[in-house]
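data28.pdb (PDB, C-alpha atoms) appears below.
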ATOM      1  CA  MET A   1     -23.710  37.176  28.093
ATOM      2  CA  MET A   2     -25.434  35.310  30.901
ATOM      3  CA  GLY A   3     -28.910  36.718  31.576
ATOM      4  CA  ILE A   4     -30.625  37.226  34.914
ATOM      5  CA  ALA A   5     -32.713  34.052  34.642
ATOM      6  CA  ALA A   6     -29.647  32.013  33.706
ATOM      7  CA  LYS A   7     -27.796  33.275  36.773
ATOM      8  CA  LEU A   8     -30.656  32.171  38.988
ATOM      9  CA  PHE A   9     -30.245  28.645  37.629
ATOM     10  CA  TYR A  10     -26.451  28.406  37.648
ATOM     11  CA  ASN A  11     -23.762  30.964  38.404
ATOM     12  CA  PRO A  12     -20.302  29.726  39.453
ATOM     13  CA  GLU A  13     -19.481  33.199  40.773
ATOM     14  CA  ASP A  14     -22.396  33.154  43.255
ATOM     15  CA  ARG A  15     -23.221  29.465  43.533
ATOM     16  CA  GLN A  16     -25.057  29.526  46.891
ATOM     17  CA  ASP A  17     -27.794  31.797  45.498
ATOM     18  CA  THR A  18     -28.615  29.530  42.555
ATOM     19  CA  LEU A  19     -31.076  26.710  41.936
ATOM     20  CA  ALA A  20     -28.216  24.401  40.959
ATOM     21  CA  TYR A  21     -26.696  24.718  44.423
ATOM     22  CA  ARG A  22     -29.940  24.527  46.380
ATOM     23  CA  VAL A  23     -31.196  21.271  44.862
ATOM     24  CA  ARG A  24     -27.968  19.326  45.326
ATOM     25  CA  PRO A  25     -26.313  18.122  48.537
ATOM     26  CA  SER A  26     -23.843  20.512  50.124
ATOM     27  CA  ASP A  27     -20.121  19.848  49.988
ATOM     28  CA  GLU A  28     -20.233  18.842  53.655
ATOM     29  CA  GLN A  29     -23.063  16.381  53.028
ATOM     30  CA  ILE A  30     -21.208  14.850  50.090
ATOM     31  CA  GLU A  31     -18.096  14.423  52.212
ATOM     32  CA  GLU A  32     -20.062  12.837  55.054
ATOM     33  CA  GLN A  33     -21.779  10.393  52.713
ATOM     34  CA  GLN A  34     -18.524   9.487  50.999
ATOM     35  CA  GLU A  35     -16.835   8.724  54.302
ATOM     36  CA  ARG A  36     -19.700   6.481  55.381
ATOM     37  CA  TRP A  37     -20.141   4.468  52.177
ATOM     38  CA  ASN A  38     -16.387   3.957  51.873
ATOM     39  CA  ASP A  39     -16.278   2.512  55.385
ATOM     40  CA  LEU A  40     -19.385   0.382  54.908
ATOM     41  CA  ALA A  41     -18.099  -0.981  51.576
ATOM     42  CA  GLU A  42     -14.944  -2.296  53.229
ATOM     43  CA  VAL A  43     -16.902  -3.895  56.068
ATOM     44  CA  LEU A  44     -19.277  -5.596  53.622
ATOM     45  CA  LYS A  45     -16.494  -6.861  51.361
ATOM     46  CA  ASN A  46     -14.461  -8.254  54.253
ATOM     47  CA  GLY A  47     -17.502  -9.857  55.867
ATOM     48  CA  LEU A  48     -18.692 -11.534  52.666
ATOM     49  CA  ARG A  49     -15.183 -12.758  51.806
ATOM     50  CA  ASP A  50     -14.851 -14.346  55.232
ATOM     51  CA  VAL A  51     -18.148 -16.210  54.900
ATOM     52  CA  PHE A  52     -18.120 -17.276  51.242
ATOM     53  CA  GLY A  53     -14.378 -17.523  50.561
ATOM     54  CA  LYS A  54     -14.697 -15.764  47.205
ATOM     55  CA  PRO A  55     -13.521 -12.430  45.778
ATOM     56  CA  VAL A  56     -15.910  -9.611  46.626
ATOM     57  CA  SER A  57     -16.033  -6.131  45.095
ATOM     58  CA  SER A  58     -18.282  -3.103  45.369
ATOM     59  CA  TRP A  59     -19.535  -0.499  42.922
ATOM     60  CA  LEU A  60     -21.588   2.630  43.450
ATOM     61  CA  GLN A  61     -24.641   3.028  41.253
ATOM     62  CA  GLY A  62     -27.707   5.231  40.953
ATOM     63  CA  SER A  63     -27.883   9.009  41.318
ATOM     64  CA  TYR A  64     -24.787   9.247  43.536
ATOM     65  CA  LYS A  65     -22.723   7.534  40.830
ATOM     66  CA  PHE A  66     -24.269   9.620  38.060
ATOM     67  CA  GLY A  67     -23.679  12.851  39.977
ATOM     68  CA  THR A  68     -27.398  13.705  39.894
ATOM     69  CA  GLN A  69     -28.265  13.290  43.578
ATOM     70  CA  ILE A  70     -30.730  15.886  44.955
ATOM     71  CA  ARG A  71     -31.593  17.059  48.440
ATOM     72  CA  PRO A  72     -34.664  15.541  50.109
ATOM     73  CA  ALA A  73     -37.674  17.435  48.790
ATOM     74  CA  ARG A  74     -40.099  16.634  51.616
ATOM     75  CA  THR A  75     -39.976  16.189  55.372
ATOM     76  CA  GLY A  76     -39.145  12.596  56.208
ATOM     77  CA  GLU A  77     -37.361  11.864  52.922
ATOM     78  CA  GLU A  78     -33.648  11.092  52.827
ATOM     79  CA  PHE A  79     -30.613  11.231  50.588
ATOM     80  CA  ASP A  80     -30.242   7.906  48.805
ATOM     81  CA  ILE A  81     -27.004   6.064  48.008
ATOM     82  CA  ASP A  82     -26.881   2.761  46.120
ATOM     83  CA  LEU A  83     -23.851   0.601  46.947
ATOM     84  CA  GLY A  84     -23.744  -2.692  45.060
ATOM     85  CA  VAL A  85     -21.730  -5.632  46.420
ATOM     86  CA  TYR A  86     -20.553  -8.380  44.068
ATOM     87  CA  VAL A  87     -19.579 -11.926  45.020
ATOM     88  CA  GLU A  88     -17.441 -13.167  42.155
ATOM     89  CA  TRP A  89     -17.104 -16.538  40.490
ATOM     90  CA  GLN A  90     -16.707 -17.570  36.885
ATOM     91  CA  GLY A  91     -19.760 -19.074  35.240
ATOM     92  CA  SER A  92     -23.493 -18.601  35.668
ATOM     93  CA  ALA A  93     -25.072 -17.530  38.922
ATOM     94  CA  GLU A  94     -26.618 -20.991  39.230
ATOM     95  CA  SER A  95     -23.205 -22.661  38.945
ATOM     96  CA  GLY A  96     -21.994 -21.211  42.248
ATOM     97  CA  GLU A  97     -22.622 -22.327  45.795
ATOM     98  CA  VAL A  98     -23.929 -18.962  47.044
ATOM     99  CA  LYS A  99     -27.722 -18.837  46.875
ATOM    100  CA  PRO A 100     -29.553 -15.510  46.405
ATOM    101  CA  LEU A 101     -31.345 -15.465  49.749
ATOM    102  CA  GLU A 102     -28.224 -16.717  51.539
ATOM    103  CA  LEU A 103     -26.333 -13.727  50.140
ATOM    104  CA  LYS A 104     -29.032 -11.220  51.093
ATOM    105  CA  ASP A 105     -29.348 -12.703  54.573
ATOM    106  CA  ARG A 106     -25.604 -12.362  55.112
ATOM    107  CA  VAL A 107     -25.664  -8.732  53.952
ATOM    108  CA  GLN A 108     -28.524  -8.064  56.370
ATOM    109  CA  SER A 109     -26.541  -9.613  59.224
ATOM    110  CA  ILE A 110     -23.473  -7.471  58.439
ATOM    111  CA  LEU A 111     -25.624  -4.334  58.361
ATOM    112  CA  ASP A 112     -27.208  -5.246  61.704
ATOM    113  CA  ASP A 113     -23.776  -5.658  63.291
ATOM    114  CA  TYR A 114     -22.583  -2.409  61.722
ATOM    115  CA  ALA A 115     -25.571  -0.477  63.071
ATOM    116  CA  ALA A 116     -25.062  -1.959  66.545
ATOM    117  CA  ASP A 117     -21.717  -0.147  66.769
ATOM    118  CA  GLY A 118     -22.600   3.364  67.938
ATOM    119  CA  ALA A 119     -19.428   4.790  66.411
ATOM    120  CA  ASN A 120     -20.888   4.245  62.925
ATOM    121  CA  ASP A 121     -23.727   6.795  63.295
ATOM    122  CA  ALA A 122     -26.267   4.324  61.895
ATOM    123  CA  THR A 123     -29.812   4.843  63.140
ATOM    124  CA  SER A 124     -31.535   1.681  61.905
ATOM    125  CA  VAL A 125     -31.552  -1.224  59.475
ATOM    126  CA  ALA A 126     -34.765  -1.726  57.503
ATOM    127  CA  ASN A 127     -36.396  -5.069  56.880
ATOM    128  CA  PRO A 128     -34.953  -6.622  53.695
ATOM    129  CA  LYS A 129     -36.426  -5.235  50.486
ATOM    130  CA  GLN A 130     -37.013  -7.278  47.358
ATOM    131  CA  ARG A 131     -33.912  -6.025  45.545
ATOM    132  CA  CYS A 132     -31.708  -4.577  48.275
ATOM    133  CA  ASN A 133     -30.981  -4.188  51.974
ATOM    134  CA  ARG A 134     -31.064  -0.739  53.598
ATOM    135  CA  ILE A 135     -29.204   0.951  56.438
ATOM    136  CA  CYS A 136     -30.051   4.485  57.640
ATOM    137  CA  PHE A 137     -27.677   7.078  59.103
ATOM    138  CA  LEU A 138     -27.675  10.331  60.993
ATOM    139  CA  GLY A 139     -27.735  13.244  58.564
ATOM    140  CA  ASP A 140     -30.897  12.059  56.788
ATOM    141  CA  PHE A 141     -29.445   9.563  54.369
ATOM    142  CA  HIS A 142     -29.579   5.851  53.782
ATOM    143  CA  ILE A 143     -27.518   3.360  51.823
ATOM    144  CA  ASP A 144     -29.266   0.691  49.783
ATOM    145  CA  VAL A 145     -27.160  -2.427  49.221
ATOM    146  CA  PRO A 146     -28.145  -4.571  46.216
ATOM    147  CA  SER A 147     -26.240  -7.890  46.116
ATOM    148  CA  TYR A 148     -24.954  -9.509  42.931
ATOM    149  CA  HIS A 149     -23.138 -12.443  41.445
ATOM    150  CA  LEU A 150     -20.402 -11.232  39.076
ATOM    151  CA  ASP A 151     -18.669 -13.214  36.353
ATOM    152  CA  ARG A 152     -15.785 -10.849  35.690
ATOM    153  CA  VAL A 153     -14.552 -12.758  32.618
ATOM    154  CA  ALA A 154     -17.911 -12.639  30.839
ATOM    155  CA  ASP A 155     -18.788  -9.266  32.431
ATOM    156  CA  LEU A 156     -22.176 -10.607  33.568
ATOM    157  CA  ARG A 157     -24.133  -9.604  36.690
ATOM    158  CA  ASP A 158     -27.146 -11.159  38.418
ATOM    159  CA  LEU A 159     -29.074  -9.482  41.224
ATOM    160  CA  ALA A 160     -30.128 -11.513  44.268
ATOM    161  CA  THR A 161     -33.770 -10.959  45.279
ATOM    162  CA  GLN A 162     -35.660 -11.555  48.504
ATOM    163  CA  ASP A 163     -37.844 -14.281  46.973
ATOM    164  CA  GLY A 164     -34.734 -16.400  46.384
ATOM    165  CA  GLU A 165     -34.461 -15.710  42.661
ATOM    166  CA  ARG A 166     -31.905 -13.881  40.543
ATOM    167  CA  GLU A 167     -32.501 -11.133  38.008
ATOM    168  CA  SER A 168     -30.222 -10.231  35.140
ATOM    169  CA  SER A 169     -29.210  -6.684  36.040
ATOM    170  CA  ASP A 170     -26.306  -4.534  34.884
ATOM    171  CA  PRO A 171     -26.183  -1.064  36.496
ATOM    172  CA  LYS A 172     -22.741  -0.532  34.976
ATOM    173  CA  ALA A 173     -24.098  -0.631  31.412
ATOM    174  CA  ILE A 174     -26.489   2.300  31.870
ATOM    175  CA  TYR A 175     -23.805   4.338  33.623
ATOM    176  CA  VAL A 176     -21.289   3.735  30.825
ATOM    177  CA  TRP A 177     -23.951   4.720  28.288
ATOM    178  CA  TRP A 178     -24.668   7.957  30.199
ATOM    179  CA  LYS A 179     -20.997   8.843  30.567
ATOM    180  CA  ASP A 180     -20.366   8.328  26.860
ATOM    181  CA  GLN A 181     -23.132  10.765  25.867
ATOM    182  CA  PHE A 182     -21.259  13.873  27.020
ATOM    183  CA  GLU A 183     -17.867  15.393  27.602
ATOM    184  CA  GLY A 184     -16.579  18.083  29.972
ATOM    185  CA  SER A 185     -18.909  21.006  30.618
ATOM    186  CA  GLU A 186     -21.690  19.373  28.583
ATOM    187  CA  ARG A 187     -21.785  16.488  31.067
ATOM    188  CA  ASP A 188     -21.860  18.945  33.992
ATOM    189  CA  ARG A 189     -24.833  20.717  32.416
ATOM    190  CA  ALA A 190     -26.642  17.410  31.850
ATOM    191  CA  ARG A 191     -26.173  16.576  35.522
ATOM    192  CA  ARG A 192     -27.631  19.941  36.553
ATOM    193  CA  LEU A 193     -30.610  19.540  34.218
ATOM    194  CA  ALA A 194     -31.257  16.067  35.631
ATOM    195  CA  ARG A 195     -31.223  17.475  39.170
ATOM    196  CA  TYR A 196     -33.665  20.275  38.249
ATOM    197  CA  LEU A 197     -36.009  17.749  36.692
ATOM    198  CA  LYS A 198     -35.744  15.289  39.579
ATOM    199  CA  MET A 199     -36.502  18.013  42.127
ATOM    200  CA  TRP A 200     -39.513  19.133  40.080
ATOM    201  CA  ALA A 201     -40.764  15.534  40.010
ATOM    202  CA  ALA A 202     -40.167  15.129  43.760
ATOM    203  CA  LEU A 203     -42.211  18.256  44.507
ATOM    204  CA  THR A 204     -44.952  17.406  42.009
ATOM    205  CA  PHE A 205     -45.578  13.695  42.504
ATOM    206  CA  GLU A 206     -46.084  11.569  45.582
ATOM    207  CA  ALA A 207     -44.354   8.202  45.708
ATOM    208  CA  PRO A 208     -44.946   5.679  44.179
ATOM    209  CA  ALA A 209     -46.436   7.686  41.281
ATOM    210  CA  ARG A 210     -43.210   9.690  40.955
ATOM    211  CA  PRO A 211     -41.177   9.020  37.767
ATOM    212  CA  SER A 212     -38.038   7.048  38.545
ATOM    213  CA  SER A 213     -34.710   8.813  38.841
ATOM    214  CA  ILE A 214     -33.118   6.747  36.081
ATOM    215  CA  LEU A 215     -36.021   7.459  33.703
ATOM    216  CA  LEU A 216     -35.641  11.205  34.171
ATOM    217  CA  THR A 217     -31.861  10.981  33.773
ATOM    218  CA  VAL A 218     -32.206   9.099  30.480
ATOM    219  CA  LEU A 219     -34.792  11.614  29.237
ATOM    220  CA  VAL A 220     -32.354  14.446  29.892
ATOM    221  CA  ALA A 221     -29.602  12.659  27.960
ATOM    222  CA  ASP A 222     -31.880  11.983  24.992
ATOM    223  CA  ALA A 223     -33.109  15.577  24.939
ATOM    224  CA  MET A 224     -29.605  17.025  25.175
ATOM    225  CA  LYS A 225     -28.635  15.082  22.072
ATOM    226  CA  ALA A 226     -31.722  16.188  20.147
ATOM    227  CA  ILE A 227     -31.757  19.888  21.070
ATOM    228  CA  ASN A 228     -30.179  22.392  18.692
ATOM    229  CA  SER A 229     -27.873  24.182  21.114
ATOM    230  CA  GLU A 230     -26.238  26.663  18.746
ATOM    231  CA  ARG A 231     -28.212  29.612  20.130
ATOM    232  CA  LEU A 232     -28.550  28.362  23.704
ATOM    233  CA  SER A 233     -26.358  29.449  26.600
ATOM    234  CA  GLY A 234     -27.776  29.256  30.142
ATOM    235  CA  ASP A 235     -29.396  26.342  31.941
ATOM    236  CA  ASP A 236     -32.732  28.189  31.803
ATOM    237  CA  GLU A 237     -32.748  28.036  27.998
ATOM    238  CA  TYR A 238     -31.748  24.372  27.932
ATOM    239  CA  PHE A 239     -34.428  23.506  30.479
ATOM    240  CA  ALA A 240     -37.068  25.425  28.494
ATOM    241  CA  GLN A 241     -36.074  23.542  25.339
ATOM    242  CA  TRP A 242     -36.359  20.252  27.201
ATOM    243  CA  LEU A 243     -39.900  21.170  28.245
ATOM    244  CA  VAL A 244     -40.824  22.070  24.659
ATOM    245  CA  ARG A 245     -39.407  18.813  23.358
ATOM    246  CA  SER A 246     -41.101  16.694  26.023
ATOM    247  CA  ARG A 247     -44.505  18.158  25.158
ATOM    248  CA  LYS A 248     -43.982  17.330  21.475
ATOM    249  CA  ASP A 249     -42.966  13.754  22.322
TER
END
Written as structure tokens, how would this file's structure read?
Amino acid sequence: MMGIAAKLFYNPEDRQDTLAYRVRPSDEQIEEQQERWNDLAEVLKNGLRDVFGKPVSSWLQGSYKFGTQIRPARTGEEFDIDLGVYVEWQGSAESGEVKPLELKDRVQSILDDYAADGANDATSVANPKQRCNRICFLGDFHIDVPSYHLDRVADLRDLATQDGERESSDPKAIYVWWKDQFEGSERDRARRLARYLKMWAALTFEAPARPSSILLTVLVADAMKAINSERLSGDDEYFAQWLVRSRKD
């Protein structure tokens, strides 16, 4: 029987009055974000194909992909979406003709052109960051665009950086690991626990001292596997057990 505290955390029969609902984006916000990143992904892929003459793909990563995205916790903060773009050729990153900074510069140019079209609801394009380019939109969200080389045969990825180097980076691997930890309702609960924890961290710590989103997500997965859940039911009990375990560790 679900207790009062459990219903305050998560109650599918009264979802709008629960913590689970209030820390996540609304259905309307999710739909708006999905429409925008889908459109931007196509523009980026077409633009990069035209310039480099190579296959280009995209792949969502980060909290949006994991299903652990939270609402902005403070004034001035935004929803974050990570949309990776991948220029593909077989072999090492160094064996191709596309240089890291050349790729990032082209992504920046495409974002600038996209933002210049008022129909796209973009508000600004940030100066290039070390590991991504960023475009901001109405509705308090931004899309970060990391740029990669992808060898699809070897399943290898290299991230282009602003200093003209490449970093071995595989966001797909951590997502596959996360997905394989849980099934069905257990995965849904893990997502909720990750959102509770991320909101707590956002309210407790100022950036850049705040623990990273991926760190907190991994901690939740590890704890879920270690907790004896035979006598647990609601999210409140799972969250309390996570706190007990984290103090012991």
Name the residues that the PyMOL selection byres ((chain A and resi 119-126) around 12) pulls out of this structure, and write them as number ranges by chain. A: 32-33, 35-40, 43, 107-118, 127-130, 132-145
Sorted per-residue table, stretch 43-149 of chain A near stretch 187-197 of chain A, closest atoms and distance, 8 Å, all atoms listed in the file, as JSON lines:
{"residue": "A:Phe66", "atom": "CA", "partner": "A:Arg191", "partner_atom": "CA", "distance": 7.6}
{"residue": "A:Gly67", "atom": "CA", "partner": "A:Arg191", "partner_atom": "CA", "distance": 6.3}
{"residue": "A:Thr68", "atom": "CA", "partner": "A:Arg191", "partner_atom": "CA", "distance": 5.4}
{"residue": "A:Gln69", "atom": "CA", "partner": "A:Arg195", "partner_atom": "CA", "distance": 6.8}
{"residue": "A:Ile70", "atom": "CA", "partner": "A:Arg195", "partner_atom": "CA", "distance": 6.0}
For the selection you just gave me, I'd like the residues written to a file as a short mmCIF file (atom, residue, chain, number, x, y, z; two decimals), keeping the file's coordinate frame, keeping C-alpha atoms.
data_model
loop_
_atom_site.label_atom_id
_atom_site.label_comp_id
_atom_site.auth_asym_id
_atom_site.auth_seq_id
_atom_site.Cartn_x
_atom_site.Cartn_y
_atom_site.Cartn_z
CA PHE A 66 -24.27 9.62 38.06
CA GLY A 67 -23.68 12.85 39.98
CA THR A 68 -27.40 13.70 39.89
CA GLN A 69 -28.26 13.29 43.58
CA ILE A 70 -30.73 15.89 44.96
#
In Å and to one decimal, atom CA of A:Tyr148 is distant from atom CA of A:Gln181 by 26.6 Å
Got a sec to resolve the PyMOL selection byres ((chain A and resi 19-28) around 6) on this structure and send the residues as a PyMOL selection string? chain A and resi 9-10+15-16+18+29-31+70-71
Starting from the displayed file, determine the output of the PyMOL selection byres ((chain A and resi 80-96) around 6) and express the residue list as a PDB file with C-alpha atoms, keeping the file's coordinate frame.
ATOM      1  CA  PRO A  55     -13.521 -12.430  45.778  1.00  0.00           C
ATOM      2  CA  VAL A  56     -15.910  -9.611  46.626  1.00  0.00           C
ATOM      3  CA  SER A  57     -16.033  -6.131  45.095  1.00  0.00           C
ATOM      4  CA  SER A  58     -18.282  -3.103  45.369  1.00  0.00           C
ATOM      5  CA  TRP A  59     -19.535  -0.499  42.922  1.00  0.00           C
ATOM      6  CA  LEU A  60     -21.588   2.630  43.450  1.00  0.00           C
ATOM      7  CA  GLN A  61     -24.641   3.028  41.253  1.00  0.00           C
ATOM      8  CA  GLY A  62     -27.707   5.231  40.953  1.00  0.00           C
ATOM      9  CA  TYR A  64     -24.787   9.247  43.536  1.00  0.00           C
ATOM     10  CA  PHE A  79     -30.613  11.231  50.588  1.00  0.00           C
ATOM     11  CA  GLU A  97     -22.622 -22.327  45.795  1.00  0.00           C
ATOM     12  CA  VAL A  98     -23.929 -18.962  47.044  1.00  0.00           C
ATOM     13  CA  PHE A 141     -29.445   9.563  54.369  1.00  0.00           C
ATOM     14  CA  HIS A 142     -29.579   5.851  53.782  1.00  0.00           C
ATOM     15  CA  ILE A 143     -27.518   3.360  51.823  1.00  0.00           C
ATOM     16  CA  ASP A 144     -29.266   0.691  49.783  1.00  0.00           C
ATOM     17  CA  VAL A 145     -27.160  -2.427  49.221  1.00  0.00           C
ATOM     18  CA  PRO A 146     -28.145  -4.571  46.216  1.00  0.00           C
ATOM     19  CA  SER A 147     -26.240  -7.890  46.116  1.00  0.00           C
ATOM     20  CA  TYR A 148     -24.954  -9.509  42.931  1.00  0.00           C
ATOM     21  CA  HIS A 149     -23.138 -12.443  41.445  1.00  0.00           C
ATOM     22  CA  LEU A 150     -20.402 -11.232  39.076  1.00  0.00           C
ATOM     23  CA  ASP A 151     -18.669 -13.214  36.353  1.00  0.00           C
TER      24      ASP A 151
END
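Atom CA of A:Met224 is found 13.9 Å from atom CA of A:Gly184.
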Which polymer residues have any atom within 9 Å of an atom of A:Ala5, counting only C-alpha atoms, with same-chain residues fewer than 3 positions away left out, as a PDB file with C-alpha atoms, in the frame of the given file?
ATOM      1  CA  MET A   2     -25.434  35.310  30.901  1.00  0.00           C
ATOM      2  CA  LEU A   8     -30.656  32.171  38.988  1.00  0.00           C
ATOM      3  CA  PHE A   9     -30.245  28.645  37.629  1.00  0.00           C
ATOM      4  CA  TYR A  10     -26.451  28.406  37.648  1.00  0.00           C
ATOM      5  CA  GLY A 234     -27.776  29.256  30.142  1.00  0.00           C
ATOM      6  CA  ASP A 235     -29.396  26.342  31.941  1.00  0.00           C
ATOM      7  CA  ASP A 236     -32.732  28.189  31.803  1.00  0.00           C
ATOM      8  CA  GLU A 237     -32.748  28.036  27.998  1.00  0.00           C
TER       9      GLU A 237
END
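Separating atom CA of A:Gln162 from atom CA of A:Arg106 is a distance of 12.1 Å.
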Hey, could you pull the box centre and edge lengths for stretch 107-114 of chain A, axis-aligned, 5 Å padding per side, all listed atoms, to one decimal in Å, as AutoDock Vina command-line options?
--center_x -25.6 --center_y -6.0 --center_z 58.6 --size_x 15.9 --size_y 17.2 --size_z 19.3
Give me the residues within 7 Å of A:Leu101 as a VMD selection string, counting all atoms listed in the file and dropping any in the same chain fewer than 2 places off. chain A and resid 99 103 to 105 160 to 162 164
Got a minute to add N, CA and C atoms to stretch 116-136 of chain A and dump it as a short mmCIF file (atom, residue, chain, number, x, y, z; two decimals), in the frame of the given file?
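part.cif, freshly written:
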data_model
loop_
_atom_site.label_atom_id
_atom_site.label_comp_id
_atom_site.auth_asym_id
_atom_site.auth_seq_id
_atom_site.Cartn_x
_atom_site.Cartn_y
_atom_site.Cartn_z
N ALA A 116 -25.16 -1.76 65.10
CA ALA A 116 -25.06 -1.96 66.54
C ALA A 116 -23.86 -1.24 67.15
N ASP A 117 -22.89 -0.89 66.31
CA ASP A 117 -21.72 -0.15 66.77
C ASP A 117 -22.04 1.34 66.73
N GLY A 118 -22.20 1.96 67.87
CA GLY A 118 -22.60 3.36 67.94
C GLY A 118 -21.65 4.32 67.26
N ALA A 119 -20.40 3.92 67.06
CA ALA A 119 -19.43 4.79 66.41
C ALA A 119 -19.73 5.00 64.93
N ASN A 120 -20.62 4.17 64.36
CA ASN A 120 -20.89 4.24 62.92
C ASN A 120 -22.02 5.20 62.56
N ASP A 121 -22.68 5.81 63.54
CA ASP A 121 -23.73 6.80 63.30
C ASP A 121 -24.92 6.24 62.53
N ALA A 122 -25.09 4.91 62.54
CA ALA A 122 -26.27 4.32 61.90
C ALA A 122 -27.45 4.41 62.85
N THR A 123 -28.62 4.70 62.31
CA THR A 123 -29.81 4.84 63.14
C THR A 123 -30.69 3.60 63.11
N SER A 124 -30.69 2.87 62.00
CA SER A 124 -31.54 1.68 61.90
C SER A 124 -31.17 0.88 60.66
N VAL A 125 -31.62 -0.36 60.66
CA VAL A 125 -31.55 -1.22 59.48
C VAL A 125 -32.98 -1.63 59.14
N ALA A 126 -33.40 -1.39 57.91
CA ALA A 126 -34.76 -1.73 57.50
C ALA A 126 -34.91 -3.23 57.28
N ASN A 127 -36.15 -3.70 57.29
CA ASN A 127 -36.40 -5.07 56.88
C ASN A 127 -35.94 -5.25 55.43
N PRO A 128 -35.46 -6.43 55.07
CA PRO A 128 -34.95 -6.62 53.70
C PRO A 128 -36.00 -6.27 52.65
N LYS A 129 -35.56 -5.56 51.61
CA LYS A 129 -36.43 -5.24 50.49
C LYS A 129 -36.21 -6.27 49.38
N GLN A 130 -37.08 -6.26 48.40
CA GLN A 130 -37.01 -7.28 47.36
C GLN A 130 -35.67 -7.28 46.63
N ARG A 131 -35.12 -6.09 46.36
CA ARG A 131 -33.91 -6.02 45.54
C ARG A 131 -32.71 -5.40 46.26
N CYS A 132 -32.84 -5.15 47.54
CA CYS A 132 -31.71 -4.58 48.28
C CYS A 132 -31.92 -4.71 49.77
N ASN A 133 -30.90 -4.37 50.53
CA ASN A 133 -30.98 -4.19 51.97
C ASN A 133 -30.66 -2.73 52.26
N ARG A 134 -31.21 -2.18 53.34
CA ARG A 134 -31.06 -0.74 53.60
C ARG A 134 -30.61 -0.47 55.02
N ILE A 135 -29.65 0.46 55.14
CA ILE A 135 -29.20 0.95 56.44
C ILE A 135 -29.31 2.47 56.43
N CYS A 136 -29.82 3.04 57.54
CA CYS A 136 -30.05 4.49 57.64
C CYS A 136 -29.05 5.12 58.60
#
